[in-house]
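This report concerns only the one structure given below.
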Amino acid sequence: MKFKVHYMLIASAMFLANCSDDIEQQPVEEPGNEAIYPPVETNPANTTYSPAFAGQTRVNGVKTQTPYSSTVLSSSLTSPWGITALPDGRLLITQKTGTMRIATSTGTLSNPITGIPAVNSNGQGGLLGLCIDPQFSTNRMIYWVFSENVAGGTQTSVAKGKLSASETSIENAVVIYRANPSSSAGNLHYGGRILFDSTGNLMVSVGERSDLSTRPLAQSVTAAIGKILRITKDGAPAPGNPTFTQSGALPELYSIGHRNPQGIAIHPTTGELWQSEHGPRGGDEINRVLPAKNYGWPTITYGIEYSGGVIGSGIQQQSGMEQPVYYWDPVISPSGMTFYKGNNVPEWQNNLFIGSLSGTHIVRLVIKDNKVMGEERLLVNEGQRFRDITQGTDNALYAVTDAGRLYKIQKQ
């Protein structure tokens with residue numbers, strides 16, 4: 001009997017060896033979980049850096065089992081940047097050049113909404129992320145981020161205003177916050193996302209403006225760039241903000257050490273803030289953002305300079321600095337993102353969806369206990385730079401692309 005069992009094991013091993021190439025391409029079904037596939041990233045990394053823990057990069061792939069469809073509702077937007085759902089099911093969209101549009105769930109667009117303070121739309125600047133007031137149905141207030149011309153150059157600024165009854169203009173628009181210092185060194189890395197937290201205060205992502213002279217300010221608590229900020233509706237530091245111990249720390253700071261954070265979202269069950277961040281060559285990140293934490297840029301990073309050189313000391317870990325929950329190398333250029341909390345596609349519950357620019361797809365990350373368990377790439381064949389994504393009141397996903405498209409993604 002022992003000989004028979006031993007023979008069977010050898011035969012099985014030989015069979016598996018001969019079929020290994022086929023087996024690698026097939027999903028493995030784990031009890032109680034969805035099928036597991038090979039990692040979706042197959043291109044070589046830009047670096048030889050090693051992750052700090054298993055699953056921090058190139059996690060196993062997953063595939064949505066529920067049949068779903070994607071529909072182009074419109075191709076007539078002009079460089080859309082931010083999208084959010086209105087209470088009546090329509091969608092409010094910013095256009096980089098300085099106007100907003102309203103889209104119905106079938107793709108009919110309003111005329112451009114005017115009355116917005118002038119933006120500098122050069123480079124990565126313009127009219128950026130937006131959100132609506134929790135009491136929008138009664139007060140019609142909108143909040144947005146934009147790149148503003150100021151003395152000394154440009155900066156990331158936050159404004160608010162009331163959508164007129166005719167929905168043709170923003171009334172009484174006012175700038176409520178400016179992220180100092182300004183910079184004349186370039187027109188990159190403004191950050192630019194904004195949302196309300198559960199306390200009715202605003203969370204704002206601000207980039208470090210890219211230049212070698214401004215990059216170190218991501219680590220400075222006396223500068224607002226390279227940060228996540230938490231402010232009131234009037235632009236003041238929000239009550240309950242964390243205290244940074246260094247001298248001269250700005251009271252509006254929530255976290256520090258960010259490069260170019262172009263996506264923020266609140267986790268549906270924990271209420272914690274998550275963020276997407278552009279790396280250089282390699283090192284795009286997903287972070288779970290906790291108050292008073294330092295996320296490392298430019299001291300630690302999983303990326304390298306565009307020229308190929310190391311950044312700083314070329315280290316990826318340092319005491320007192322947070323590790324990303326997940327990172328990509330090579331980059332995908334993650335932008336706007338949202339957690340799915342609808343029932344249209346039940347298996348997407350609490351998954352994170354991220355628009356990918358250079359990757360030209362939508363990322364789906366399966367997250368459990370604050371760890372990424374699987375990654376999927378959606379709408380790969382569309383060849384679009386997905387700039388932002390949101391969940392509609394109908395529980396479908398809506399995404400905008402740099403080429404001016406508005407997509408609806410839902411169960412078939």
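Here, A, B, ... name the chains of the structure tokens in the order displayed, residue numbers run from 1 inside each chain, and ligands are numbered from 1 in the same displayed order.
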Per-residue DSSP, region 164-235 of chain A, filtered to strand (DSSP E or B), as a PyMOL selection string: chain A and resi 169-178+183+191-196+202-206+227-231
Polymer residues at most 8 Å from Gly303 (chain A), only C-alpha atoms, same-chain spacing of 5 or more positions, as a list of chain:residue names: A:Asn46, A:Thr47, A:Gly279, A:Pro280, A:Arg281, A:Gly282, A:Gly283, A:Asp284, A:Val310, A:Ile311, A:Asp329
Could you take the residues named above and write them with C-alpha atoms, as a short mmCIF file (atom, residue, chain, number, x, y, z; two decimals), in the first residue's frame?
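As a result, part_4.cif now contains:
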```cif
data_model
loop_
_atom_site.label_atom_id
_atom_site.label_comp_id
_atom_site.auth_asym_id
_atom_site.auth_seq_id
_atom_site.Cartn_x
_atom_site.Cartn_y
_atom_site.Cartn_z
CA ASN A 46 12.06 49.95 -12.72
CA THR A 47 13.89 49.12 -9.50
CA GLY A 279 5.41 58.12 -7.51
CA PRO A 280 8.27 59.03 -9.86
CA ARG A 281 9.60 56.05 -11.90
CA GLY A 282 7.99 53.36 -9.81
CA GLY A 283 6.52 53.85 -6.37
CA ASP A 284 2.90 54.81 -7.04
CA VAL A 310 18.19 57.10 -6.68
CA ILE A 311 16.10 59.54 -4.70
CA ASP A 329 6.39 49.52 -10.08
#
```
For Val363 (chain A), the nearest of the candidates A:Lys96, A:Lys162, A:Lys341, A:Arg387, counting only C-alpha atoms: A:Arg387
Helix (DSSP H, G or I) call set, DSSP backbone run, region 17-203 of chain A, as a PyMOL selection string: chain A and resi 17-18+20-24+136-139
Can those selected residues be exported to a file as a PDB file, in the first residue's frame so that it contains C-alpha atoms?
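Written out: part.pdb:
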```
ATOM      1  CA  ALA A  17       5.299  19.420 -13.879  1.00  0.00           C
ATOM      2  CA  ASN A  18       4.311  18.669 -17.463  1.00  0.00           C
ATOM      3  CA  SER A  20       2.743  23.677 -15.083  1.00  0.00           C
ATOM      4  CA  ASP A  21       2.521  26.251 -17.874  1.00  0.00           C
ATOM      5  CA  ASP A  22      -1.206  25.620 -18.233  1.00  0.00           C
ATOM      6  CA  ILE A  23      -1.813  25.584 -14.499  1.00  0.00           C
ATOM      7  CA  GLU A  24      -0.144  29.004 -14.044  1.00  0.00           C
ATOM      8  CA  PHE A 136     -26.602  70.388  -0.800  1.00  0.00           C
ATOM      9  CA  SER A 137     -30.313  69.714  -1.305  1.00  0.00           C
ATOM     10  CA  THR A 138     -31.088  72.798   0.755  1.00  0.00           C
ATOM     11  CA  ASN A 139     -28.003  75.026   0.466  1.00  0.00           C
TER      12      ASN A 139
END
```
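Of the listed residues (A:Leu86, A:Ser50, A:Val289, A:Gly309), A:Leu86 comes nearest to Gln135 (chain A); the distances count only C-alpha atoms.
Among A:Ile304, A:Val345, A:Ile264, A:Leu253, the residue with the shortest atom-to-atom distance to Gln65 (chain A), counting only C-alpha atoms, is A:Val345.
The nearest approach to Asn287 (chain A) among the residues A:Val325, A:Val158, A:Ile389, A:Leu250, with only C-alpha atoms taken into account, belongs to A:Val325.
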Surrounding residues of region 42-45 of chain A excluding itself and chain neighbours under 2 positions, 9 Å, only C-alpha atoms, as a ChimeraX atom specification: /A:39-40,47-49,58,282,328-331
Exercise: Gly263 (chain A) partners within 8 Å, only C-alpha atoms, chain neighbours under 5 positions left out, as a list in words: Arg193, Ser205, Gln275, Ser276, Glu277, Pro334, Ser335, Gly336, Met337 and Ile354 of chain A
d(CA of Asp388 (chain A), CA of Leu130 (chain A)) in Å: 10.8 Å
Near-Tyr68 (chain A) list (10 Å; only C-alpha atoms; drop same-chain fewer than 4 positions) as a CSV table (one decimal) with C-alpha atoms, in the first residue's frame:
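The resulting file, around_13.csv, is reproduced below:
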```csv
chain,number,residue,atom,x,y,z
A,64,THR,CA,-15.2,40.0,-11.4
A,344,ASN,CA,-25.4,46.6,-8.0
A,345,VAL,CA,-22.4,44.2,-8.1
A,409,ILE,CA,-20.2,50.8,-15.3
A,410,GLN,CA,-22.9,48.5,-14.0
A,411,LYS,CA,-24.2,45.0,-13.7
A,412,GLN,CA,-25.5,43.7,-17.0
```
Spatial neighbours of Phe353 (chain A), max dist 7 Å, only C-alpha atoms, sep filter under 3 positions, as JSON, numbers by chain: {"A": [337, 338, 339, 362, 363, 364, 365]}
Please produce an output containing N, CA, C and O atoms for each residue in the selection, written as an mmCIF file, in the first residue's frame.
```cif
data_model
loop_
_atom_site.group_PDB
_atom_site.id
_atom_site.type_symbol
_atom_site.label_atom_id
_atom_site.label_comp_id
_atom_site.auth_asym_id
_atom_site.auth_seq_id
_atom_site.Cartn_x
_atom_site.Cartn_y
_atom_site.Cartn_z
ATOM 1 N N MET A 337 -10.400 58.223 -6.945
ATOM 2 C CA MET A 337 -10.789 56.886 -6.506
ATOM 3 C C MET A 337 -12.019 56.928 -5.622
ATOM 4 O O MET A 337 -12.397 57.974 -5.081
ATOM 5 N N THR A 338 -12.647 55.757 -5.481
ATOM 6 C CA THR A 338 -13.825 55.637 -4.634
ATOM 7 C C THR A 338 -13.946 54.221 -4.120
ATOM 8 O O THR A 338 -13.569 53.263 -4.804
ATOM 9 N N PHE A 339 -14.449 54.084 -2.908
ATOM 10 C CA PHE A 339 -14.834 52.767 -2.404
ATOM 11 C C PHE A 339 -16.247 52.468 -2.879
ATOM 12 O O PHE A 339 -17.131 53.336 -2.848
ATOM 13 N N ILE A 362 -9.052 51.033 -15.203
ATOM 14 C CA ILE A 362 -9.554 51.261 -13.853
ATOM 15 C C ILE A 362 -9.081 50.110 -12.981
ATOM 16 O O ILE A 362 -9.232 48.945 -13.335
ATOM 17 N N VAL A 363 -8.483 50.451 -11.852
ATOM 18 C CA VAL A 363 -7.996 49.454 -10.903
ATOM 19 C C VAL A 363 -9.116 49.073 -9.946
ATOM 20 O O VAL A 363 -9.850 49.937 -9.456
ATOM 21 N N ARG A 364 -9.244 47.784 -9.696
ATOM 22 C CA ARG A 364 -10.092 47.295 -8.613
ATOM 23 C C ARG A 364 -9.203 46.577 -7.612
ATOM 24 O O ARG A 364 -8.493 45.635 -7.963
ATOM 25 N N LEU A 365 -9.206 47.058 -6.368
ATOM 26 C CA LEU A 365 -8.440 46.420 -5.308
ATOM 27 C C LEU A 365 -9.394 45.803 -4.289
ATOM 28 O O LEU A 365 -10.283 46.488 -3.766
#
```
Long-range neighbours of region 179-190 of chain A as a PyMOL selection string, 7 Å cut-off, only C-alpha atoms, 6 positions minimum in chain: chain A and resi 122-125+147+152-157+206-211+223-225+260
Take the residues just selected and output them with N, CA, C and O atoms as a CSV table (one decimal), in the first residue's frame.
```csv
chain,number,residue,atom,x,y,z
A,122,ASN,N,-2.3,75.5,-17.0
A,122,ASN,CA,-1.1,75.0,-17.7
A,122,ASN,C,-0.6,73.8,-16.9
A,122,ASN,O,-0.8,73.6,-15.7
A,123,GLY,N,0.0,72.9,-17.7
A,123,GLY,CA,0.6,71.7,-17.1
A,123,GLY,C,-0.5,70.9,-16.4
A,123,GLY,O,-1.5,70.5,-17.0
A,124,GLN,N,-0.3,70.5,-15.2
A,124,GLN,CA,-1.2,69.7,-14.4
A,124,GLN,C,-2.2,70.5,-13.6
A,124,GLN,O,-3.0,70.0,-12.8
A,125,GLY,N,-2.2,71.9,-13.9
A,125,GLY,CA,-3.1,72.7,-13.1
A,125,GLY,C,-4.5,72.9,-13.8
A,125,GLY,O,-4.7,72.3,-14.9
A,147,SER,N,-5.8,75.4,-9.2
A,147,SER,CA,-4.5,76.0,-9.2
A,147,SER,C,-4.7,77.5,-9.5
A,147,SER,O,-5.3,77.8,-10.6
A,152,GLY,N,4.1,85.5,-6.6
A,152,GLY,CA,5.1,84.5,-6.4
A,152,GLY,C,4.9,83.2,-7.2
A,152,GLY,O,5.7,82.3,-7.1
A,153,GLY,N,3.8,83.1,-8.0
A,153,GLY,CA,3.6,82.0,-8.9
A,153,GLY,C,2.2,81.4,-8.8
A,153,GLY,O,1.3,82.2,-9.0
A,154,THR,N,2.1,80.1,-8.5
A,154,THR,CA,0.8,79.5,-8.4
A,154,THR,C,0.8,78.6,-7.2
A,154,THR,O,1.8,78.3,-6.6
A,155,GLN,N,-0.4,78.3,-6.8
A,155,GLN,CA,-0.6,77.4,-5.6
A,155,GLN,C,-1.9,76.6,-5.7
A,155,GLN,O,-2.8,77.0,-6.5
A,156,THR,N,-2.0,75.6,-4.9
A,156,THR,CA,-3.2,74.9,-4.7
A,156,THR,C,-4.2,75.6,-3.8
A,156,THR,O,-3.8,75.9,-2.7
A,157,SER,N,-5.4,75.9,-4.3
A,157,SER,CA,-6.3,76.7,-3.5
A,157,SER,C,-7.7,76.0,-3.4
A,157,SER,O,-8.0,75.1,-4.3
A,206,VAL,N,-2.9,67.9,-1.2
A,206,VAL,CA,-2.1,69.0,-1.9
A,206,VAL,C,-0.7,68.3,-2.2
A,206,VAL,O,-0.1,67.7,-1.4
A,207,GLY,N,-0.3,68.5,-3.5
A,207,GLY,CA,1.0,68.0,-3.9
A,207,GLY,C,2.1,68.9,-3.5
A,207,GLY,O,1.9,70.1,-3.1
A,208,GLU,N,3.4,68.4,-3.7
A,208,GLU,CA,4.6,69.2,-3.3
A,208,GLU,C,5.2,70.0,-4.4
A,208,GLU,O,6.3,70.5,-4.3
A,209,ARG,N,4.5,70.1,-5.5
A,209,ARG,CA,4.8,71.0,-6.7
A,209,ARG,C,6.0,70.5,-7.5
A,209,ARG,O,6.5,71.2,-8.3
A,210,SER,N,6.6,69.3,-7.2
A,210,SER,CA,7.5,68.6,-8.0
A,210,SER,C,8.9,69.1,-8.1
A,210,SER,O,9.9,68.3,-8.1
A,211,ASP,N,9.2,70.4,-8.0
A,211,ASP,CA,10.5,70.9,-8.2
A,211,ASP,C,11.4,70.5,-7.1
A,211,ASP,O,11.0,70.3,-5.9
A,223,ALA,N,4.9,74.1,6.1
A,223,ALA,CA,4.4,74.3,4.8
A,223,ALA,C,3.2,73.4,4.5
A,223,ALA,O,3.1,72.3,5.1
A,224,ALA,N,2.3,73.9,3.7
A,224,ALA,CA,1.0,73.1,3.5
A,224,ALA,C,1.1,72.3,2.2
A,224,ALA,O,0.1,71.5,1.9
A,225,ILE,N,2.2,72.3,1.5
A,225,ILE,CA,2.3,71.5,0.3
A,225,ILE,C,2.9,70.1,0.7
A,225,ILE,O,3.6,69.9,1.6
A,260,ASN,N,2.3,63.6,-4.8
A,260,ASN,CA,1.3,64.2,-5.6
A,260,ASN,C,0.0,63.3,-5.4
A,260,ASN,O,-0.3,62.5,-6.3
```
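Using only C-alpha atoms, the smallest distance between any of A:Ser166, A:Thr301, A:Ser69, A:Ser333 and Gly359 (chain A) comes from A:Ser333.
Closest to Phe196 (chain A) among A:Glu41, A:Asp133, A:Glu347, A:Glu305 is A:Asp133, based on only C-alpha atoms.
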Region 40-99 of chain A residues near region 105-119 of chain A within 9 Å, closest pair each, using only C-alpha atoms, as a tab-separated table:
```
residue	atom	partner	partner_atom	distance
A:Val72	CA	A:Gly107	CA	8.2
A:Leu73	CA	A:Gly107	CA	4.4
A:Ser74	CA	A:Gly107	CA	5.2
A:Ser75	CA	A:Gly107	CA	8.9
A:Ser76	CA	A:Leu109	CA	8.2
A:Leu77	CA	A:Leu109	CA	8.3
A:Gly89	CA	A:Ser105	CA	6.8
A:Arg90	CA	A:Ser105	CA	5.8
A:Leu91	CA	A:Ser105	CA	7.3
A:Gln95	CA	A:Pro112	CA	8.9
A:Lys96	CA	A:Val119	CA	8.5
A:Thr97	CA	A:Val119	CA	7.2
A:Gly98	CA	A:Val119	CA	6.0
A:Thr99	CA	A:Ile113	CA	5.5
```
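Coordinates place CA of Asn350 (chain A) at a distance of 11.7 Å from CA of Val372 (chain A).
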